[in-house]
Structure formats: C-alpha cells, structure tokens
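The file coords-v7.txt contains compact mmCIF, C-alpha atoms:
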```
# COMPACT_ATOMS: atom_id res chain seq x y z
CA MET A 1 220.13 175.51 123.39
CA ALA A 2 216.72 173.91 123.02
CA ILE A 3 213.93 174.76 120.67
CA GLU A 4 210.62 172.96 120.81
CA VAL A 5 209.37 171.84 117.42
CA ARG A 6 205.71 170.87 117.11
CA ILE A 7 205.23 168.09 114.58
CA PRO A 8 201.99 167.67 112.60
CA THR A 9 200.19 164.29 112.51
CA ILE A 10 201.35 163.52 108.99
CA LEU A 11 205.05 163.76 109.95
CA ARG A 12 204.90 161.93 113.26
CA ASN A 13 206.06 158.71 111.63
CA TYR A 14 209.50 160.39 111.65
CA THR A 15 209.32 161.17 115.37
CA ASP A 16 208.06 157.86 116.78
CA GLY A 17 204.64 159.41 117.14
CA GLU A 18 205.88 162.33 119.23
CA LYS A 19 203.85 165.54 118.88
CA ALA A 20 206.82 167.70 119.79
CA VAL A 21 210.56 167.19 119.70
CA SER A 22 213.51 169.27 120.81
CA ALA A 23 216.13 170.51 118.35
CA ASP A 24 218.96 173.02 118.05
CA GLY A 25 219.94 175.61 115.51
CA ALA A 26 220.68 179.30 115.20
CA SER A 27 218.56 179.51 112.07
CA LEU A 28 215.59 177.57 110.72
CA SER A 29 217.90 175.98 108.17
CA ALA A 30 220.27 174.74 110.90
CA LEU A 31 217.33 173.56 112.98
CA ILE A 32 216.02 171.46 110.10
CA ASP A 33 219.48 169.90 109.63
CA ASP A 34 219.51 169.03 113.31
CA LEU A 35 216.02 167.53 113.04
CA GLU A 36 217.19 165.47 110.08
CA ALA A 37 220.13 164.11 112.10
CA ASN A 38 217.74 162.68 114.68
CA HIS A 39 214.73 161.97 112.47
CA PRO A 40 216.10 160.93 109.08
CA GLY A 41 213.81 161.67 106.16
CA ILE A 42 211.98 164.59 107.71
CA LYS A 43 214.04 167.24 105.89
CA ASP A 44 212.83 166.10 102.50
CA ARG A 45 209.24 166.61 103.66
CA LEU A 46 209.98 170.20 104.58
CA ILE A 47 212.41 171.35 101.92
CA GLU A 48 212.43 171.12 98.16
CA ASN A 49 215.14 172.52 95.88
CA GLY A 50 216.74 174.34 98.79
CA ASP A 51 213.61 176.18 99.86
CA LEU A 52 210.65 175.50 102.14
CA ARG A 53 208.02 173.45 100.35
CA ARG A 54 205.18 175.55 99.01
CA PHE A 55 202.54 173.68 101.01
CA VAL A 56 204.37 173.43 104.31
CA ASN A 57 203.98 176.26 106.79
CA VAL A 58 206.51 176.86 109.54
CA TYR A 59 205.91 179.32 112.35
CA VAL A 60 208.38 180.72 114.85
CA ASN A 61 206.70 182.06 117.97
CA ASP A 62 203.38 182.45 116.12
CA GLU A 63 204.91 184.14 113.03
CA ASP A 64 204.90 182.54 109.60
CA VAL A 65 208.62 182.22 108.78
CA ARG A 66 207.96 183.42 105.24
CA PHE A 67 207.57 186.89 106.77
CA ILE A 68 210.71 186.71 108.90
CA GLY A 69 213.41 185.43 106.58
CA GLY A 70 212.29 181.93 105.64
CA LEU A 71 215.04 179.37 106.12
CA GLU A 72 217.36 182.14 107.31
CA ALA A 73 215.00 183.13 110.13
CA GLU A 74 217.03 183.42 113.32
CA LEU A 75 216.22 181.26 116.31
CA SER A 76 217.13 181.50 119.96
CA ASP A 77 216.90 179.33 123.00
CA GLY A 78 213.31 178.84 124.13
CA ASP A 79 211.72 179.65 120.77
CA GLN A 80 208.81 177.53 119.68
CA VAL A 81 208.62 176.26 116.12
CA VAL A 82 205.38 174.87 114.73
CA VAL A 83 205.13 172.93 111.47
CA LEU A 84 201.72 172.75 109.79
CA PRO A 85 200.96 171.41 106.35
CA ALA A 86 198.83 173.78 104.32
CA VAL A 87 195.15 172.92 104.12
CA ALA A 88 194.65 173.38 100.42
CA GLY A 89 193.44 171.72 97.27
CA GLY A 90 191.69 172.29 94.00
CA MET B 1 181.20 156.36 107.87
CA LEU B 2 180.71 160.04 108.62
CA THR B 3 177.95 160.83 111.10
CA ILE B 4 177.08 164.51 111.14
CA ASP B 5 174.24 166.51 112.64
CA ARG B 6 171.75 168.34 110.47
CA ALA B 7 172.72 171.86 111.60
CA THR B 8 176.40 171.31 110.76
CA TYR B 9 175.52 169.69 107.43
CA ASP B 10 173.27 172.64 106.56
CA GLY B 11 175.98 175.07 107.68
CA ILE B 12 178.53 173.55 105.30
CA VAL B 13 176.04 173.60 102.41
CA ALA B 14 175.07 177.22 103.14
CA HIS B 15 178.75 178.24 103.20
CA ALA B 16 179.39 176.54 99.86
CA LYS B 17 176.35 178.23 98.26
CA ARG B 18 177.28 181.62 99.66
CA ASP B 19 180.85 181.50 98.33
CA HIS B 20 179.94 180.08 94.93
CA PRO B 21 181.46 180.50 92.30
CA ASP B 22 184.60 180.50 94.47
CA GLU B 23 185.45 177.42 96.47
CA ALA B 24 184.46 177.49 100.14
CA CYS B 25 186.50 175.69 102.80
CA GLY B 26 186.57 174.97 106.50
CA VAL B 27 186.75 172.34 109.20
CA VAL B 28 184.48 170.78 111.77
CA ALA B 29 186.47 170.28 114.94
CA GLY B 30 185.67 167.71 117.58
CA PRO B 31 187.18 166.24 120.74
CA GLU B 32 190.39 164.29 120.01
CA GLY B 33 189.70 160.66 119.22
CA SER B 34 185.92 161.10 119.36
CA ASP B 35 185.18 161.15 115.61
CA ARG B 36 182.42 163.64 116.45
CA PRO B 37 182.23 166.72 114.23
CA GLU B 38 180.93 169.26 116.75
CA ARG B 39 182.25 172.74 116.00
CA LEU B 40 181.92 174.17 112.50
CA VAL B 41 184.69 176.62 111.65
CA GLU B 42 184.27 178.40 108.31
CA MET B 43 187.63 179.44 106.92
CA VAL B 44 188.44 182.14 104.38
CA ASN B 45 189.64 180.77 101.07
CA ALA B 46 192.85 182.79 100.79
CA ALA B 47 193.11 181.76 97.14
CA GLY B 48 189.67 183.31 96.42
CA SER B 49 189.40 181.05 93.40
CA PRO B 50 186.81 178.88 91.63
CA THR B 51 189.42 176.16 91.15
CA PHE B 52 191.62 176.27 94.26
CA TYR B 53 191.35 176.72 97.99
CA GLU B 54 193.88 177.35 100.69
CA PHE B 55 193.49 178.37 104.34
CA ASP B 56 195.33 181.62 105.05
CA SER B 57 198.54 180.67 106.87
CA THR B 58 197.88 182.91 109.88
CA ASP B 59 194.27 181.69 110.17
CA LEU B 60 195.54 178.11 109.91
CA PHE B 61 197.93 178.69 112.79
CA GLN B 62 195.23 180.26 114.96
CA LEU B 63 192.86 177.40 114.18
CA TYR B 64 195.34 174.70 115.17
CA LYS B 65 196.34 176.60 118.28
CA GLU B 66 192.70 176.88 119.30
CA MET B 67 192.04 173.19 118.62
CA ASP B 68 195.16 172.28 120.58
CA GLN B 69 193.98 174.32 123.58
CA ASN B 70 190.53 172.68 123.40
CA ASP B 71 191.94 169.13 122.93
CA GLU B 72 190.23 169.05 119.58
CA GLU B 73 191.22 167.80 116.16
CA PRO B 74 189.87 168.44 112.67
CA VAL B 75 187.26 165.69 112.38
CA VAL B 76 186.02 167.03 109.03
CA VAL B 77 187.95 169.06 106.46
CA TYR B 78 185.54 170.36 103.82
CA HIS B 79 185.65 172.33 100.62
CA SER B 80 183.45 172.88 97.61
CA HIS B 81 183.83 172.26 93.93
CA THR B 82 181.88 174.80 91.96
CA ALA B 83 182.02 173.40 88.42
CA THR B 84 182.85 169.74 88.87
CA GLU B 85 181.61 166.74 90.83
CA ALA B 86 182.11 166.31 94.57
CA TYR B 87 185.10 164.00 94.16
CA PRO B 88 188.68 164.79 95.29
CA SER B 89 190.80 166.27 92.52
CA ARG B 90 194.39 165.20 91.96
CA THR B 91 195.48 168.32 93.84
CA ASP B 92 193.16 167.47 96.74
CA ILE B 93 194.68 164.02 96.98
CA GLY B 94 198.26 165.25 96.69
CA LEU B 95 197.82 167.85 99.43
CA ALA B 96 195.63 165.90 101.85
CA SER B 97 197.55 165.86 105.11
CA GLU B 98 195.06 164.78 107.76
CA PRO B 99 194.88 160.99 107.48
CA GLY B 100 192.43 160.86 110.41
CA ALA B 101 189.96 163.35 108.95
CA HIS B 102 186.83 162.92 106.88
CA TYR B 103 187.33 164.93 103.71
CA VAL B 104 183.93 166.33 102.74
CA LEU B 105 183.36 167.57 99.20
CA VAL B 106 180.31 169.62 98.27
CA SER B 107 179.49 170.45 94.66
CA THR B 108 177.52 173.59 93.89
CA ARG B 109 177.75 173.10 90.14
CA GLU B 110 174.01 172.55 89.68
CA HIS B 111 172.36 175.36 91.61
CA GLY B 112 175.19 177.76 92.44
CA ASN B 113 174.08 180.37 94.96
CA ASN B 114 170.44 179.29 94.71
CA GLU B 115 168.22 176.92 96.61
CA GLY B 116 168.38 173.32 95.54
CA PRO B 117 170.15 170.11 96.41
CA VAL B 118 173.93 169.80 96.37
CA GLU B 119 176.18 166.78 96.16
CA PHE B 120 177.62 166.16 99.64
CA ARG B 121 180.13 163.31 99.80
CA SER B 122 182.81 162.18 102.23
CA TYR B 123 186.16 160.44 101.78
CA ARG B 124 189.19 159.20 103.61
CA ILE B 125 192.41 160.23 101.89
CA VAL B 126 195.42 158.31 103.18
CA ASP B 127 198.78 158.06 101.39
CA GLY B 128 197.23 159.16 98.12
CA GLU B 129 194.43 156.62 98.34
CA VAL B 130 190.81 157.78 98.26
CA THR B 131 188.05 155.77 99.90
CA GLU B 132 184.51 157.07 99.74
CA GLU B 133 182.37 156.52 102.82
CA GLU B 134 178.72 156.75 103.70
CA VAL B 135 177.34 159.99 105.16
CA THR B 136 174.66 159.71 107.84
CA VAL B 137 172.86 162.88 108.82
CA VAL B 138 171.26 162.82 112.26
CA ASP B 139 169.06 165.38 114.02
CA GLU B 140 171.54 165.62 116.85
CA LEU B 141 174.81 163.93 117.76
CA THR B 142 174.14 161.78 120.81
CA ALA B 143 176.36 159.52 122.87
CA SER B 144 175.21 156.48 120.90
CA ASN B 145 175.80 157.79 117.39
```

What is this file in structure tokens?
Amino acid sequence: MAIEVRIPTILRNYTDGEKAVSADGASLSALIDDLEANHPGIKDRLIENGDLRRFVNVYVNDEDVRFIGGLEAELSDGDQVVVLPAVAGG
Amino acid sequence: MLTIDRATYDGIVAHAKRDHPDEACGVVAGPEGSDRPERLVEMVNAAGSPTFYEFDSTDLFQLYKEMDQNDEEPVVVYHSHTATEAYPSRTDIGLASEPGAHYVLVSTREHGNNEGPVEFRSYRIVDGEVTEEEVTVVDELTASN
C-alpha cells in the first residue's frame, strides 16, 4: 500500500527537502505513525494532545480531514494526502 | 528587500481599506524562485474578525493546488491590522509558516475605509525571528528589478 503525502515547505527539513514522500496506513493516525518512523519529529508538528494541531490542515483527496473523521479518516492505496499549515494570524 | 509593482501595491491597500474594520488577507503569487510578486490573490478572511485572520481551509487548498499547477509560490503573504501598527503580532510570528515569503502588513488604523495613506511594511519571519525589509514600489516589474 502506498499513499503519497505532500509536505509543506516548513516541514521539509524532516524529509530531506522532499516535497512528497510515500507512507502507509489504513487511517490518518496510522499514516502519521508511519511517517514518524521514517521522518522522526514530524508527528509532533502535526499532532498535539492526541489531536491534529489547530493550525495544521490535512486533506485526503482534496477533502479537509476535519470533515471526514479527522485522525480516524480511512485511507486506501493510491490516496493522496496533502499537509498545509494554516495561513493565519492576528 | 521587497520589490512590488504599483498596481499590486494599490490592490493590497484597496483590499485592506474595503475590508476594514475586519482584517483583510491574501497572497501575491509568483514563479517559483523568482521573488517576483506577480499575481494578486485576495482571500476571504474566514475568521471575519478585526483581530484575527485565517484563510478558509478549502480556499487554502485550492490556492496551493493552483500555485502548484502554475509552478508558483506565495512570494507575498499579506494581511491588515485595523487598530494597531503594521508590525507582526505575536500570533503572526507564531503561525508564520512560509520562511521564503515576504510578510506584508498594512495598517488601516488611521483612515479606515476612507482615502488616505496607510502603513505598508514588509518582513521576513523565519523561526520566530522578524526582520523588517525595505519596500520598493516600481511602475512595472521588469527583468532587471
């Protein structure tokens, strides 16, 4: 099983500069654990207190995961996951 | 230094004035690696607030998809402050996630929706560190500027 994960500029220091990496997982949660195994440190930038960070957006096949189950969102082979930090401020 | 053409500069200022007293936000996209802010994209402030801005998550996705297809990147990320100076707030610094972008701040505190000058300032925000930079407004972006 292979899922392409698009990595934003700010997190590419965890992926040796790669814009996209491949990972596995039947859910977003499992996918992030798999990412962490190969790119240590990245999980903490995505997750806080067991949930997705407020200012990190994750999309599965163009859908914001917050609308499709969050960390429990189901994934299948060939899905595309995109990570984008929120553009926000005060 | 940020070099920006007059029409884009005026477009950002007009957007900030129009949305006052809420914060306005958007990007100016340009070819990857060019440092040329060429395509102004006004974004909706999903927070609709005088003290906070956030791109709507679906709009954000569409924007990045579009830039990706065009081999563009966000050369400028701008937003307005409507009651305070055009300097990044602690929240702005904490959430800044485009180390390659020029962060433009416009303050509409003096004239609001009306005619009149605004503060227009630009910064780099990298790893929580803010560096102000000069803004040069040109009639037109050319190959040499």

With a cut-off of 6 Å, could you pull out the residues of chain A touching chain B and give me the nearest pair of atoms for each, distance in Å to one decimal, using all atoms listed in the file, ordered by chain and ascending number, as CSV?
```
residue,atom,partner,partner_atom,distance
A:Ile10,CA,B:Ser97,CA,5.9
A:Val87,CA,B:Phe55,CA,5.7
A:Ala88,CA,B:Glu54,CA,4.1
A:Gly89,CA,B:Asp92,CA,4.3
A:Gly90,CA,B:Phe52,CA,4.0
```

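Considering the residues A:Val21, A:Val82, A:Leu35, A:Leu46 and counting only C-alpha atoms, Asn61 in chain A has its shortest atom-to-atom contact with A:Val82.
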
For this session: Fewer than 3 positions away in the same chain doesn't count, so skip those; otherwise give me all residues within 8 Å of Phe120 in chain B, counting all atoms listed in the file, as a count of residues only.
Result: 5

Problem set entry | Spatial neighbours of range 62-70 of chain A, max dist 10 Å, all atoms listed in the file, sep filter under 3 positions, as a ChimeraX atom specification | /A:27-29,51-52,57-59,73-74,79-83 /B:57-58,61-62,65

Problem set entry | Proximity to Ala14 in chain B - best of B:Val137, B:Leu63, B:Leu40, B:Ala29, all atoms listed in the file | B:Leu40

For this session: For each of B:Asp59, B:Asp35, B:Glu119, B:Asp19, take the minimum atom-to-atom distance to Leu141 in chain B, counting all atoms listed in the file, then give the residue where this is smallest.
Result: B:Asp35

For this session: Counting all atoms listed in the file, write as number ranges by chain all protein and nucleic acid residues lying at most 7 Å from (217.6, 175.4, 119.0) in the file's frame.
Result: A: 1-3, 23-26, 31, 75-77

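Around Val118 in chain B, within 9 Å and counting all atoms listed in the file, the residues found are Val13, Lys17, Val106, Ser107, Thr108, Arg109, Glu110, His111 and Gly112 of chain B, once anything fewer than 6 positions away on its own chain is removed.
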
Problem set entry | Residue nearest Thr15 in chain A among A:Ala30, A:Ala86, A:Val56, A:Ile42 (counting only C-alpha atoms) |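 Answer, going by the shortest atom-to-atom distance: A:Ile42.
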
For this session: Go ahead and compute the interatomic distance for CA of Val130 in chain B and CA of Tyr87 in chain B, in Å to one decimal.
Result: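 One can read the CA of Val130 in chain B to CA of Tyr87 in chain B distance as 9.4 Å.
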
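Taking CA of Glu132 in chain B and CA of Glu38 in chain B as endpoints, the distance between them is 21.2 Å.
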
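Taking CA of Leu84 in chain A and CA of Arg36 in chain B as the two end points, the separation is 22.4 Å.
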